[in-house]
>>> print(open('final-v7.csv').read())   # CSV, C-alpha atoms
chain,number,residue,atom,x,y,z
L,1,MET,CA,-90.8,-24.9,-93.4
L,2,SER,CA,-91.6,-27.6,-91.0
L,3,PRO,CA,-91.8,-27.0,-87.2
L,4,ARG,CA,-88.7,-29.2,-86.7
L,5,ALA,CA,-86.6,-27.1,-89.1
L,6,LYS,CA,-87.7,-23.9,-87.4
L,7,ALA,CA,-86.6,-25.2,-84.0
L,8,ASN,CA,-83.1,-26.0,-85.3
L,9,VAL,CA,-82.7,-22.5,-86.8
L,10,LEU,CA,-83.6,-20.9,-83.4
L,11,ARG,CA,-81.1,-23.0,-81.6
L,12,ILE,CA,-78.3,-22.0,-84.0
L,13,ALA,CA,-79.2,-18.3,-83.6
L,14,ILE,CA,-79.1,-18.4,-79.8
L,15,ALA,CA,-75.7,-20.1,-79.9
L,16,ALA,CA,-74.3,-17.5,-82.2
L,17,VAL,CA,-75.5,-14.7,-79.9
L,18,VAL,CA,-73.8,-16.3,-76.9
L,19,VAL,CA,-70.5,-16.7,-78.7
L,20,ILE,CA,-70.6,-13.1,-79.9
L,21,GLY,CA,-71.3,-11.9,-76.4
L,22,VAL,CA,-68.3,-13.9,-74.9
L,23,VAL,CA,-65.9,-12.5,-77.5
L,24,VAL,CA,-67.0,-8.9,-76.9
L,25,TYR,CA,-66.5,-9.4,-73.1
L,26,LEU,CA,-63.0,-10.8,-73.4
L,27,LYS,CA,-61.9,-7.9,-75.7
L,28,GLN,CA,-63.2,-5.3,-73.3
L,29,ARG,CA,-61.3,-6.9,-70.3
L,30,ASP,CA,-58.1,-7.1,-72.3
L,31,THR,CA,-58.3,-3.4,-73.2
L,32,SER,CA,-59.0,-2.4,-69.6
L,33,ALA,CA,-55.9,-4.3,-68.4
L,34,LYS,CA,-53.6,-2.6,-70.9
L,35,THR,CA,-54.9,0.8,-69.9
L,36,THR,CA,-54.2,0.3,-66.2
L,37,SER,CA,-50.8,-1.5,-66.3
L,38,PRO,CA,-48.6,1.6,-66.9
L,39,ALA,CA,-50.0,3.3,-63.8
L,40,VAL,CA,-49.3,0.2,-61.7
L,41,ALA,CA,-45.8,-0.2,-63.1
L,42,THR,CA,-45.0,3.4,-62.4
L,43,GLY,CA,-46.3,3.1,-58.9
L,44,SER,CA,-44.2,0.0,-58.2
L,45,ASN,CA,-41.0,1.7,-59.4
L,46,THR,CA,-41.4,4.8,-57.3
L,47,PRO,CA,-40.1,3.3,-54.0
L,48,ARG,CA,-37.2,1.7,-55.9
L,49,ALA,CA,-36.1,5.0,-57.3
L,50,SER,CA,-35.7,6.5,-53.8
L,51,GLY,CA,-33.5,3.8,-52.4
L,52,GLY,CA,-31.9,1.9,-55.3
L,53,GLU,CA,-28.5,1.3,-56.6
L,54,GLY,CA,-27.6,5.0,-56.6
L,55,SER,CA,-27.8,5.4,-52.9
L,56,ALA,CA,-26.0,2.0,-52.3
L,57,SER,CA,-23.0,3.2,-54.3
L,58,GLU,CA,-22.7,6.3,-52.2
L,59,ARG,CA,-23.0,4.5,-48.8
L,60,VAL,CA,-20.6,5.8,-46.2
L,61,VAL,CA,-18.7,3.1,-44.2
L,62,PRO,CA,-17.9,3.8,-40.5
L,63,VAL,CA,-14.3,2.9,-39.7
L,64,GLN,CA,-11.9,3.3,-36.8
L,65,ILE,CA,-8.5,4.8,-37.6
L,66,ALA,CA,-5.0,5.2,-36.2
L,67,ILE,CA,-2.1,7.3,-37.2
L,68,ALA,CA,1.1,5.8,-38.6
L,69,THR,CA,3.9,7.1,-36.3
L,70,LYS,CA,7.6,7.0,-36.1
L,71,GLU,CA,9.2,6.2,-32.8
L,72,ASP,CA,11.9,4.0,-31.1
L,73,LEU,CA,10.5,0.5,-30.8
L,74,PRO,CA,11.8,-1.9,-28.1
L,75,VAL,CA,11.8,-5.5,-29.5
L,76,TRP,CA,10.7,-8.1,-26.9
L,77,ILE,CA,10.8,-11.8,-27.1
L,78,GLU,CA,8.2,-13.6,-25.0
L,79,GLY,CA,8.3,-17.1,-23.5
L,80,LEU,CA,6.4,-19.1,-21.0
L,81,GLY,CA,8.2,-20.6,-18.1
L,82,SER,CA,8.3,-21.3,-14.4
L,83,VAL,CA,10.0,-20.1,-11.3
L,84,ALA,CA,12.8,-22.2,-9.7
L,85,ALA,CA,15.0,-21.8,-6.7
L,86,ALA,CA,18.4,-20.3,-7.4
L,87,GLN,CA,19.7,-22.8,-4.9
L,88,GLN,CA,18.1,-25.7,-3.0
L,89,VAL,CA,19.9,-27.8,-0.4
L,90,THR,CA,18.8,-30.9,1.6
L,91,VAL,CA,20.4,-30.5,5.0
L,92,ARG,CA,21.9,-33.8,6.3
L,93,THR,CA,23.9,-34.8,9.3
L,94,GLN,CA,27.6,-35.5,8.8
L,95,VAL,CA,28.0,-37.5,12.0
L,96,ASP,CA,26.1,-40.2,13.8
L,97,GLY,CA,24.3,-39.5,17.0
L,98,ARG,CA,21.1,-38.6,18.8
L,99,LEU,CA,19.3,-35.5,17.7
L,100,ASP,CA,19.0,-33.4,20.9
L,101,LYS,CA,17.5,-30.1,19.6
L,102,VAL,CA,15.8,-28.7,16.5
L,103,LEU,CA,16.4,-24.9,16.5
L,104,PHE,CA,14.8,-23.7,13.3
L,105,VAL,CA,11.2,-22.8,12.6
L,106,GLU,CA,9.5,-24.3,9.6
L,107,GLY,CA,8.9,-21.9,6.7
L,108,LYS,CA,11.1,-19.2,8.1
L,109,THR,CA,14.2,-17.6,6.7
L,110,VAL,CA,17.6,-18.7,7.9
L,111,LYS,CA,21.0,-17.3,7.2
L,112,ALA,CA,24.1,-19.2,6.1
L,113,GLY,CA,25.8,-20.4,9.3
L,114,ASP,CA,22.8,-20.4,11.6
L,115,VAL,CA,22.5,-23.5,13.8
L,116,LEU,CA,19.6,-25.6,12.7
L,117,ALA,CA,19.9,-28.6,15.1
L,118,GLN,CA,22.1,-30.0,17.8
L,119,ILE,CA,23.4,-33.6,18.0
L,120,ASP,CA,24.5,-35.0,21.4
L,121,PRO,CA,28.1,-33.6,21.5
L,122,ARG,CA,29.5,-35.7,24.4
L,123,PRO,CA,30.9,-38.6,22.3
L,124,PHE,CA,32.8,-36.0,20.3
L,125,LEU,CA,34.1,-34.2,23.4
L,126,VAL,CA,35.5,-37.5,24.6
L,127,GLN,CA,37.4,-38.0,21.3
L,128,LEU,CA,38.7,-34.5,21.5
L,129,HIS,CA,40.0,-34.9,25.0
L,130,THR,CA,41.7,-38.2,24.2
L,131,ALA,CA,43.4,-36.6,21.2
L,132,GLN,CA,44.5,-33.6,23.3
L,133,GLY,CA,45.9,-35.9,26.0
L,134,ALA,CA,47.9,-37.9,23.5
L,135,LEU,CA,49.3,-34.6,22.1
L,136,ALA,CA,50.4,-33.4,25.5
L,137,ARG,CA,52.1,-36.7,26.2
L,138,ASP,CA,54.0,-36.8,23.0
L,139,LYS,CA,55.1,-33.1,23.4
L,140,ALA,CA,56.5,-33.9,26.8
L,141,GLN,CA,58.5,-36.9,25.4
L,142,ALA,CA,59.7,-34.8,22.5
L,143,ASP,CA,61.0,-32.1,24.8
L,144,ALA,CA,62.9,-34.7,26.9
L,145,ALA,CA,64.3,-36.3,23.8
L,146,ARG,CA,65.4,-32.9,22.4
L,147,LYS,CA,67.3,-32.0,25.7
L,148,ASN,CA,69.0,-35.4,25.7
L,149,PHE,CA,69.9,-34.9,22.1
L,150,GLU,CA,71.6,-31.5,22.8
L,151,ARG,CA,73.4,-32.9,25.8
L,152,TYR,CA,74.7,-36.0,24.0
L,153,LYS,CA,75.9,-33.9,21.1
L,154,GLY,CA,78.1,-31.9,23.5
L,155,LEU,CA,79.4,-35.1,25.0
L,156,ALA,CA,80.2,-36.5,21.7
L,157,ALA,CA,82.1,-33.4,20.7
L,158,GLU,CA,84.4,-34.1,23.8
L,159,LYS,CA,84.7,-37.7,22.8
L,160,LEU,CA,83.0,-38.8,26.0
L,161,VAL,CA,80.1,-40.8,24.4
L,162,ALA,CA,79.9,-42.8,21.2
L,163,GLN,CA,78.4,-41.1,18.1
L,164,GLN,CA,76.0,-44.0,17.8
L,165,GLN,CA,74.2,-43.0,21.0
L,166,VAL,CA,73.8,-39.4,19.7
L,167,GLU,CA,72.2,-40.7,16.5
L,168,GLU,CA,69.8,-43.1,18.5
L,169,ILE,CA,68.6,-40.2,20.6
L,170,GLY,CA,68.1,-38.0,17.5
L,171,ALA,CA,66.0,-40.8,15.9
L,172,GLN,CA,63.8,-40.9,19.1
L,173,LEU,CA,63.3,-37.2,18.9
L,174,GLY,CA,62.2,-37.5,15.2
L,175,GLN,CA,59.6,-40.2,16.2
L,176,PHE,CA,58.2,-38.0,18.9
L,177,GLU,CA,57.9,-35.0,16.6
L,178,GLY,CA,56.1,-37.2,14.0
L,179,ALA,CA,53.7,-38.4,16.8
L,180,ILE,CA,53.0,-34.8,17.7
L,181,LYS,CA,51.9,-34.1,14.1
L,182,MET,CA,49.6,-37.2,14.2
L,183,ASP,CA,48.2,-36.0,17.5
L,184,LEU,CA,47.5,-32.6,16.1
L,185,ALA,CA,45.6,-34.2,13.2
L,186,GLN,CA,43.5,-36.3,15.7
L,187,VAL,CA,42.7,-33.1,17.7
L,188,GLU,CA,41.6,-31.3,14.5
L,189,SER,CA,39.5,-34.3,13.5
L,190,ALA,CA,37.8,-34.4,16.9
L,191,GLN,CA,37.2,-30.7,16.8
L,192,LEU,CA,35.6,-31.1,13.3
L,193,GLN,CA,33.4,-33.9,14.5
L,194,LEU,CA,32.3,-31.7,17.4
L,195,ASP,CA,31.6,-28.9,15.0
L,196,TYR,CA,29.5,-31.2,12.8
L,197,ALA,CA,27.4,-32.0,15.9
L,198,GLN,CA,26.0,-28.6,15.3
L,199,ILE,CA,24.0,-28.8,12.0
L,200,LYS,CA,24.3,-25.4,10.4
L,201,ALA,CA,22.5,-23.8,7.4
L,202,PRO,CA,24.8,-24.0,4.3
L,203,ILE,CA,22.9,-21.2,2.5
L,204,THR,CA,20.5,-18.4,3.1
L,205,GLY,CA,17.0,-19.3,2.3
L,206,ILE,CA,13.6,-20.5,3.5
L,207,THR,CA,13.2,-23.7,5.4
L,208,GLY,CA,10.7,-26.3,4.5
L,209,VAL,CA,8.9,-28.9,6.6
L,210,ARG,CA,10.9,-30.6,9.3
L,211,LEU,CA,11.7,-34.2,8.3
L,212,VAL,CA,13.1,-35.5,11.6
L,213,ASP,CA,12.1,-34.7,15.1
L,214,ALA,CA,14.3,-34.3,18.2
L,215,GLY,CA,15.1,-37.5,20.0
L,216,ASN,CA,15.7,-39.6,16.9
L,217,LEU,CA,19.0,-41.2,16.1
L,218,VAL,CA,20.5,-39.8,12.9
L,219,LYS,CA,23.3,-41.1,10.7
L,220,ALA,CA,25.5,-39.7,8.0
L,221,SER,CA,24.2,-42.4,5.6
L,222,ASP,CA,20.6,-41.2,5.9
L,223,THR,CA,19.3,-39.9,2.6
L,224,THR,CA,16.1,-38.2,3.9
L,225,GLY,CA,17.9,-35.3,5.6
L,226,LEU,CA,16.6,-33.0,8.3
L,227,VAL,CA,15.1,-30.2,6.2
L,228,VAL,CA,15.2,-28.7,2.7
L,229,ILE,CA,16.4,-25.0,2.4
L,230,THR,CA,15.4,-23.1,-0.7
L,231,ALA,CA,17.0,-19.8,-1.8
L,232,ILE,CA,14.5,-17.7,-3.7
L,233,ASP,CA,16.1,-14.3,-3.6
L,234,PRO,CA,17.3,-14.0,-6.3
L,235,ALA,CA,14.9,-16.3,-8.0
L,236,ALA,CA,15.6,-18.3,-11.1
L,237,VAL,CA,13.2,-18.2,-14.0
L,238,LEU,CA,13.3,-21.0,-16.6
L,239,PHE,CA,11.5,-20.3,-19.9
L,240,THR,CA,11.6,-21.4,-23.5
L,241,ILE,CA,11.5,-19.5,-26.8
L,242,PRO,CA,11.3,-20.8,-30.4
L,243,GLN,CA,14.6,-21.9,-31.9
L,244,ASP,CA,14.1,-19.3,-34.7
L,245,ARG,CA,14.7,-16.5,-32.2
L,246,LEU,CA,18.1,-17.8,-31.1
L,247,PRO,CA,20.1,-15.5,-33.5
L,248,ALA,CA,18.5,-12.4,-32.0
L,249,VAL,CA,19.1,-13.6,-28.4
L,250,ALA,CA,22.7,-14.6,-29.1
L,251,ALA,CA,23.3,-11.2,-30.7
L,252,ALA,CA,21.8,-9.4,-27.8
L,253,ALA,CA,23.8,-11.5,-25.3
L,254,ALA,CA,27.0,-10.8,-27.2
L,255,LYS,CA,26.5,-7.0,-26.7
L,256,GLY,CA,26.1,-7.2,-22.9
L,257,GLU,CA,23.4,-7.9,-20.3
L,258,VAL,CA,20.0,-8.8,-21.6
L,259,THR,CA,17.0,-7.4,-19.6
L,260,VAL,CA,14.3,-9.9,-18.7
L,261,GLU,CA,10.9,-8.9,-17.3
L,262,VAL,CA,8.9,-11.4,-15.4
L,263,TRP,CA,5.1,-11.1,-15.5
L,264,ASN,CA,2.3,-13.2,-14.0
L,265,ARG,CA,0.8,-15.9,-16.1
L,266,ASP,CA,-1.9,-13.8,-17.8
L,267,GLY,CA,0.5,-10.9,-18.4
L,268,SER,CA,-1.4,-8.4,-16.3
L,269,GLN,CA,1.2,-7.6,-13.7
L,270,LYS,CA,5.0,-7.3,-13.8
L,271,LEU,CA,6.5,-9.1,-10.9
L,272,SER,CA,10.3,-8.4,-11.2
L,273,THR,CA,13.0,-7.4,-13.6
L,274,GLY,CA,16.4,-9.2,-13.9
L,275,THR,CA,19.0,-10.3,-16.4
L,276,LEU,CA,19.5,-13.3,-18.7
L,277,ALA,CA,22.0,-15.8,-17.0
L,278,VAL,CA,22.1,-18.9,-19.1
L,279,LEU,CA,21.4,-20.1,-22.7
L,280,ASP,CA,21.0,-23.9,-22.8
L,281,ASN,CA,23.7,-25.6,-24.9
L,282,GLN,CA,21.2,-27.5,-27.1
L,283,ILE,CA,17.8,-27.2,-28.8
L,284,ASN,CA,15.0,-29.5,-27.7
L,285,GLN,CA,14.3,-31.5,-30.9
L,286,ALA,CA,10.9,-32.6,-29.7
L,287,THR,CA,9.5,-29.0,-29.3
L,288,SER,CA,12.0,-27.0,-31.4
L,289,THR,CA,12.6,-24.7,-28.5
L,290,LEU,CA,15.5,-23.3,-26.6
L,291,ARG,CA,15.6,-23.2,-22.8
L,292,LEU,CA,16.9,-20.1,-21.0
L,293,LYS,CA,17.5,-19.1,-17.4
L,294,ALA,CA,17.2,-15.6,-15.9
L,295,LEU,CA,18.1,-14.4,-12.4
L,296,VAL,CA,15.7,-11.8,-11.0
L,297,PRO,CA,15.6,-10.1,-7.5
L,298,ASN,CA,12.7,-11.4,-5.3
L,299,PRO,CA,12.8,-9.4,-2.1
L,300,THR,CA,9.0,-9.4,-1.7
L,301,ARG,CA,8.7,-13.2,-2.5
L,302,ALA,CA,6.3,-12.4,-5.3
L,303,LEU,CA,8.0,-15.3,-7.2
L,304,TRP,CA,7.6,-18.7,-5.7
L,305,PRO,CA,9.2,-22.0,-6.9
L,306,ASN,CA,7.2,-23.9,-9.6
L,307,ALA,CA,4.8,-21.0,-10.2
L,308,PHE,CA,4.0,-20.4,-13.9
L,309,VAL,CA,5.1,-17.0,-15.3
L,310,LYS,CA,5.6,-15.1,-18.6
L,311,ALA,CA,9.1,-13.9,-19.4
L,312,LYS,CA,9.8,-10.9,-21.7
L,313,MET,CA,13.3,-10.5,-23.0
L,314,LEU,CA,14.5,-7.2,-24.5
L,315,VAL,CA,16.8,-8.1,-27.5
L,316,GLU,CA,17.0,-4.8,-29.3
L,317,THR,CA,15.6,-1.3,-29.8
L,318,ARG,CA,14.8,-0.1,-33.3
L,319,PRO,CA,15.2,3.7,-33.6
L,320,GLY,CA,12.6,5.7,-35.7
L,321,ALA,CA,10.5,2.7,-36.7
L,322,LEU,CA,7.3,3.4,-38.6
L,323,LEU,CA,4.5,1.7,-36.6
L,324,VAL,CA,0.9,1.0,-37.2
L,325,PRO,CA,-1.5,-1.3,-35.1
L,326,ALA,CA,-1.1,-4.9,-36.2
L,327,VAL,CA,-4.8,-5.2,-36.8
L,328,ALA,CA,-4.5,-2.6,-39.6
L,329,VAL,CA,-2.4,-5.0,-41.8
L,330,GLN,CA,-4.5,-7.0,-44.2
L,331,ARG,CA,-3.4,-9.9,-46.5
L,332,GLY,CA,-4.6,-10.5,-50.0
L,333,PRO,CA,-3.5,-12.3,-53.2
L,334,GLN,CA,-1.0,-9.6,-53.9
L,335,GLY,CA,0.5,-9.6,-50.4
L,336,THR,CA,0.1,-7.4,-47.3
L,337,PHE,CA,-1.7,-4.0,-47.5
L,338,VAL,CA,-3.5,-1.4,-45.4
L,339,TYR,CA,-6.4,0.9,-46.0
L,340,ILE,CA,-5.7,4.6,-45.5
L,341,VAL,CA,-8.2,7.4,-45.3
L,342,GLY,CA,-7.5,10.3,-47.7
L,343,ALA,CA,-8.3,14.0,-47.3
L,344,ASP,CA,-11.6,13.5,-49.1
L,345,LYS,CA,-12.6,10.7,-46.7
L,346,THR,CA,-12.2,8.0,-49.3
L,347,ALA,CA,-10.5,4.6,-48.7
L,348,GLN,CA,-7.2,4.0,-50.5
L,349,MET,CA,-5.4,0.6,-50.5
L,350,LYS,CA,-1.7,0.8,-49.9
L,351,PRO,CA,0.6,-2.3,-50.4
L,352,VAL,CA,3.1,-2.4,-47.5
L,353,THR,CA,6.1,-4.5,-46.4
L,354,VAL,CA,5.9,-5.6,-42.8
L,355,GLY,CA,9.3,-6.1,-41.1
L,356,LEU,CA,8.2,-7.2,-37.6
L,357,ILE,CA,5.0,-7.6,-35.5
L,358,THR,CA,5.6,-7.2,-31.8
L,359,GLY,CA,3.4,-6.1,-28.9
L,360,GLY,CA,0.4,-5.6,-31.1
L,361,ARG,CA,2.2,-3.2,-33.4
L,362,ALA,CA,3.6,-3.8,-36.9
L,363,VAL,CA,6.8,-2.2,-38.2
L,364,ILE,CA,6.3,-1.0,-41.8
L,365,GLU,CA,9.4,-1.0,-43.9
L,366,LYS,CA,7.9,0.1,-47.2
L,367,GLY,CA,4.6,1.6,-48.4
L,368,LEU,CA,4.0,4.4,-45.9
L,369,GLU,CA,5.8,7.6,-45.0
L,370,GLY,CA,4.3,8.3,-41.6
L,371,GLY,CA,1.3,10.4,-40.5
L,372,GLU,CA,-1.2,8.5,-42.6
L,373,GLN,CA,-4.6,7.6,-41.2
L,374,VAL,CA,-4.8,3.8,-41.4
L,375,VAL,CA,-8.0,1.9,-40.9
L,376,THR,CA,-8.0,-0.5,-37.9
L,377,GLU,CA,-11.6,-1.6,-37.9
L,378,GLY,CA,-14.2,-2.0,-40.7
L,379,GLN,CA,-11.8,-3.1,-43.5
L,380,ASN,CA,-14.1,-5.9,-44.6
L,381,GLN,CA,-16.7,-3.4,-45.8
L,382,LEU,CA,-14.2,-1.2,-47.7
L,383,ARG,CA,-13.3,-0.9,-51.4
L,384,PRO,CA,-10.8,1.4,-53.0
L,385,GLY,CA,-12.4,4.8,-53.5
L,386,GLY,CA,-15.3,4.1,-51.2
L,387,LYS,CA,-16.5,6.8,-48.8
L,388,VAL,CA,-15.6,6.4,-45.1
L,389,GLU,CA,-16.5,8.2,-41.9
L,390,PRO,CA,-14.0,7.9,-39.0
L,391,VAL,CA,-15.6,7.2,-35.7
L,392,LYS,CA,-14.4,6.8,-32.1
L,393,PRO,CA,-14.1,3.4,-30.6
L,394,ASN,CA,-17.1,4.0,-28.3
L,395,GLU,CA,-19.3,5.2,-31.2
L,396,LYS,CA,-21.5,3.3,-33.7
L,397,LYS,CA,-23.0,4.2,-37.1
L,398,VAL,CA,-26.7,4.5,-37.8
L,399,ASP,CA,-27.5,5.1,-41.5
L,400,GLY,CA,-24.0,6.5,-42.1
L,401,LYS,CA,-24.2,9.0,-39.2
L,402,PRO,CA,-22.0,8.6,-36.0
L,403,ASP,CA,-24.1,8.0,-32.9
L,404,ALA,CA,-22.8,7.6,-29.4
L,405,ARG,CA,-23.7,4.5,-27.5
L,406,GLY,CA,-26.7,5.2,-25.4
L,407,SER,CA,-30.2,6.8,-25.7
L,408,ALA,CA,-29.3,8.8,-28.8
L,409,ALA,CA,-29.3,5.7,-30.9
L,410,GLY,CA,-33.1,5.1,-30.3
L,411,PRO,CA,-34.5,8.3,-31.8
L,412,THR,CA,-32.2,8.2,-34.8
L,413,ALA,CA,-33.2,4.6,-35.7
L,414,SER,CA,-36.9,5.3,-35.3
L,415,ASN,CA,-36.7,8.4,-37.6
L,416,THR,CA,-35.0,6.5,-40.4
L,417,PRO,CA,-38.1,5.6,-42.3
L,418,ALA,CA,-39.3,9.2,-42.4
L,419,ALA,CA,-36.1,10.5,-44.1
L,420,PRO,CA,-37.1,9.7,-47.7
>>> encode(input="final-v7.csv", output="structure tokens")
Amino acid sequence: MSPRAKANVLRIAIAAVVVIGVVVYLKQRDTSAKTTSPAVATGSNTPRASGGEGSASERVVPVQIAIATKEDLPVWIEGLGSVAAAQQVTVRTQVDGRLDKVLFVEGKTVKAGDVLAQIDPRPFLVQLHTAQGALARDKAQADAARKNFERYKGLAAEKLVAQQQVEEIGAQLGQFEGAIKMDLAQVESAQLQLDYAQIKAPITGITGVRLVDAGNLVKASDTTGLVVITAIDPAAVLFTIPQDRLPAVAAAAAKGEVTVEVWNRDGSQKLSTGTLAVLDNQINQATSTLRLKALVPNPTRALWPNAFVKAKMLVETRPGALLVPAVAVQRGPQGTFVYIVGADKTAQMKPVTVGLITGGRAVIEKGLEGGEQVVTEGQNQLRPGGKVEPVKPNEKKVDGKPDARGSAAGPTASNTPAAP
């Protein structure tokens, strides 16, 4: 064999040894991987077994509950409105003259008949004296004519004077009597003008800002007036309700007085209680609302004109109504329902029929009997048959256990990983 042939055989032998070595190495690595994989898989599944689907299906949901009770329910209709004056008068003069005195104090209460201002009375006294003088003159003439008439009637009976003279004297007497009546009317007119010179309060109320000062000439034709008087006790409250509530209001008004409570704008304080006075005679088409008016006592002046308030009107009282908190009522594809907590602390879904929701409470007409524990918070985590744990409103849940708000929550949360 030539040297070149020997070299080729050696190269082929070395290549075969390298290939065999690579094949053996790959087989040994594959066998080692298969031997260790079950252990790894078992180790990876161990934590999942401790906290997998089994524990999730048994999770306890913390919920807040309330008891479905039967009691008499007052039905209130609420509306927003404002306070208005029961009466408001702009005081004006009824005669012309100089304003001598202003006797009222701005912003103070005046009574009906109190003198508010005085106009110079002298021109009206002159008129009164003139009318009184004319009355005295005509009375004297009438007395003389009456005596002549009686005398001439006697003479005529004796045929000493003509009947015509008697009739003429009688006519004069009638003229004087007519003049007396006219004089009396003039006296009354002068007295009335003199009374008008004292400007008096027409109503009891609170005076506003003085509009005219003493010393000015005032006329009956002036439109400004002297002062505005506002009567606020009782106060009027104007408010609106949806037109759909009209039948209930009309039915309540037909039975008698309808109680109306007036609260401040945010509903935190009751200001007064009165009665419904007026239902407007038409619906506002732009807002589909009905306007109402109530009269309420206001001795402490807690209600002030143009202030915004909230009115609550009692239209009926439902005896023995089955009530639950309105937040307990849920709505689904099949209608309204509530979750109740059974004796085994599982959630049960109950379809219900709601008759009315008022004051944060719902009237249940069908579906409950009374005494059930209804869920008021946590319904979004519930499913029928799921475990629940009632908690108080000031408590929270940590891993299915009730925990009061405060320092107790920290240790419980920090110990959670050690539980498994």
>>> atom_distance(input="final-v7.csv", atom1="atom CA of L:Val375", atom2="atom CA of L:Val341")
7.0 Å
>>> atom_distance(input="final-v7.csv", atom1="atom CA of L:Gly170", atom2="atom CA of L:Phe149")
5.8 Å
>>> residues_around(input="final-v7.csv", residues="L:Lys350", least_positions_apart="3", cutoff="7 Å", atoms="all atoms listed in the file", output="PyMOL selection string")
chain L and resi 337-339+367
>>> residues_around(input="final-v7.csv", residues="stretch 302-315 of chain L", least_positions_apart="4", cutoff="8 Å", atoms="all atoms listed in the file", output="JSON, numbers by chain")
{"L": [74, 75, 76, 77, 78, 79, 80, 81, 82, 83, 84, 85, 232, 235, 239, 248, 249, 251, 252, 258, 259, 260, 261, 262, 263, 264, 265, 266, 267, 271, 298]}
>>> closest_residue(input="final-v7.csv", among="L:Glu168, L:Asp233, L:Glu316, L:Asp120", to="L:Asp195", atoms="all atoms listed in the file")
L:Asp120
>>> residues_around(input="final-v7.csv", residues="L:Val352", least_positions_apart="2", cutoff="12 Å", atoms="only C-alpha atoms", output="JSON list (two decimals) with C-alpha atoms, in the coordinates of the input")
[["chain", "number", "residue", "atom", "x", "y", "z"],
["L", 322, "LEU", "CA", 7.30, 3.40, -38.60],
["L", 323, "LEU", "CA", 4.50, 1.70, -36.60],
["L", 324, "VAL", "CA", 0.90, 1.00, -37.20],
["L", 328, "ALA", "CA", -4.50, -2.60, -39.60],
["L", 329, "VAL", "CA", -2.40, -5.00, -41.80],
["L", 330, "GLN", "CA", -4.50, -7.00, -44.20],
["L", 331, "ARG", "CA", -3.40, -9.90, -46.50],
["L", 332, "GLY", "CA", -4.60, -10.50, -50.00],
["L", 334, "GLN", "CA", -1.00, -9.60, -53.90],
["L", 335, "GLY", "CA", 0.50, -9.60, -50.40],
["L", 336, "THR", "CA", 0.10, -7.40, -47.30],
["L", 337, "PHE", "CA", -1.70, -4.00, -47.50],
["L", 338, "VAL", "CA", -3.50, -1.40, -45.40],
["L", 339, "TYR", "CA", -6.40, 0.90, -46.00],
["L", 340, "ILE", "CA", -5.70, 4.60, -45.50],
["L", 349, "MET", "CA", -5.40, 0.60, -50.50],
["L", 350, "LYS", "CA", -1.70, 0.80, -49.90],
["L", 354, "VAL", "CA", 5.90, -5.60, -42.80],
["L", 355, "GLY", "CA", 9.30, -6.10, -41.10],
["L", 362, "ALA", "CA", 3.60, -3.80, -36.90],
["L", 363, "VAL", "CA", 6.80, -2.20, -38.20],
["L", 364, "ILE", "CA", 6.30, -1.00, -41.80],
["L", 365, "GLU", "CA", 9.40, -1.00, -43.90],
["L", 366, "LYS", "CA", 7.90, 0.10, -47.20],
["L", 367, "GLY", "CA", 4.60, 1.60, -48.40],
["L", 368, "LEU", "CA", 4.00, 4.40, -45.90],
["L", 369, "GLU", "CA", 5.80, 7.60, -45.00],
["L", 374, "VAL", "CA", -4.80, 3.80, -41.40]]
>>> residues_near_point(input="final-v7.csv", point="(18.4, -18.3, -32.0)", cutoff="12 Å", atoms="only C-alpha atoms", output="count of residues only")
26
>>> closest_residue(input="final-v7.csv", among="L:Leu238, L:Val17, L:Val218, L:Val63", to="L:Ala117", atoms="all atoms listed in the file")
L:Val218
>>> atom_distance(input="final-v7.csv", atom1="atom CA of L:Ala136", atom2="atom CA of L:Ala185")
13.2 Å
>>> residues_around(input="final-v7.csv", residues="L:Lys70", least_positions_apart="6", cutoff="9 Å", atoms="all atoms listed in the file", output="ChimeraX atom specification")
/L:319-323,370-371
>>> closest_residue(input="final-v7.csv", among="L:Leu192, L:Ala5, L:Val212, L:Ala343", to="L:Leu125", atoms="only C-alpha atoms")
L:Leu192
>>> closest_residue(input="final-v7.csv", among="L:Ala201, L:Ala145, L:Leu356, L:Val61", to="L:Pro384", atoms="all atoms listed in the file")
L:Val61
>>> residues_around(input="final-v7.csv", residues="stretch 162-166 of chain L", least_positions_apart="6", cutoff="9 Å", atoms="all atoms listed in the file", output="ChimeraX atom specification")
/L:148-153,155-156
>>> decode(input="final-v7.csv", residues="stretch 214-218 of chain L", atoms="N, CA and C atoms", output="PDB file, in the first residue's frame")
ATOM      1  N   ALA L 214     -87.466 112.107  54.035  1.00  0.00           N
ATOM      2  CA  ALA L 214     -88.301 113.223  54.477  1.00  0.00           C
ATOM      3  C   ALA L 214     -87.852 114.512  53.796  1.00  0.00           C
ATOM      4  N   GLY L 215     -88.842 115.368  53.483  1.00  0.00           N
ATOM      5  CA  GLY L 215     -88.559 116.633  52.809  1.00  0.00           C
ATOM      6  C   GLY L 215     -88.888 116.616  51.343  1.00  0.00           C
ATOM      7  N   ASN L 216     -89.017 115.441  50.756  1.00  0.00           N
ATOM      8  CA  ASN L 216     -89.349 115.343  49.334  1.00  0.00           C
ATOM      9  C   ASN L 216     -90.845 115.527  49.120  1.00  0.00           C
ATOM     10  N   LEU L 217     -91.178 116.051  47.945  1.00  0.00           N
ATOM     11  CA  LEU L 217     -92.567 116.115  47.538  1.00  0.00           C
ATOM     12  C   LEU L 217     -92.974 114.769  46.946  1.00  0.00           C
ATOM     13  N   VAL L 218     -94.069 114.220  47.404  1.00  0.00           N
ATOM     14  CA  VAL L 218     -94.547 112.931  46.918  1.00  0.00           C
ATOM     15  C   VAL L 218     -95.913 113.124  46.286  1.00  0.00           C
TER      16      VAL L 218
END
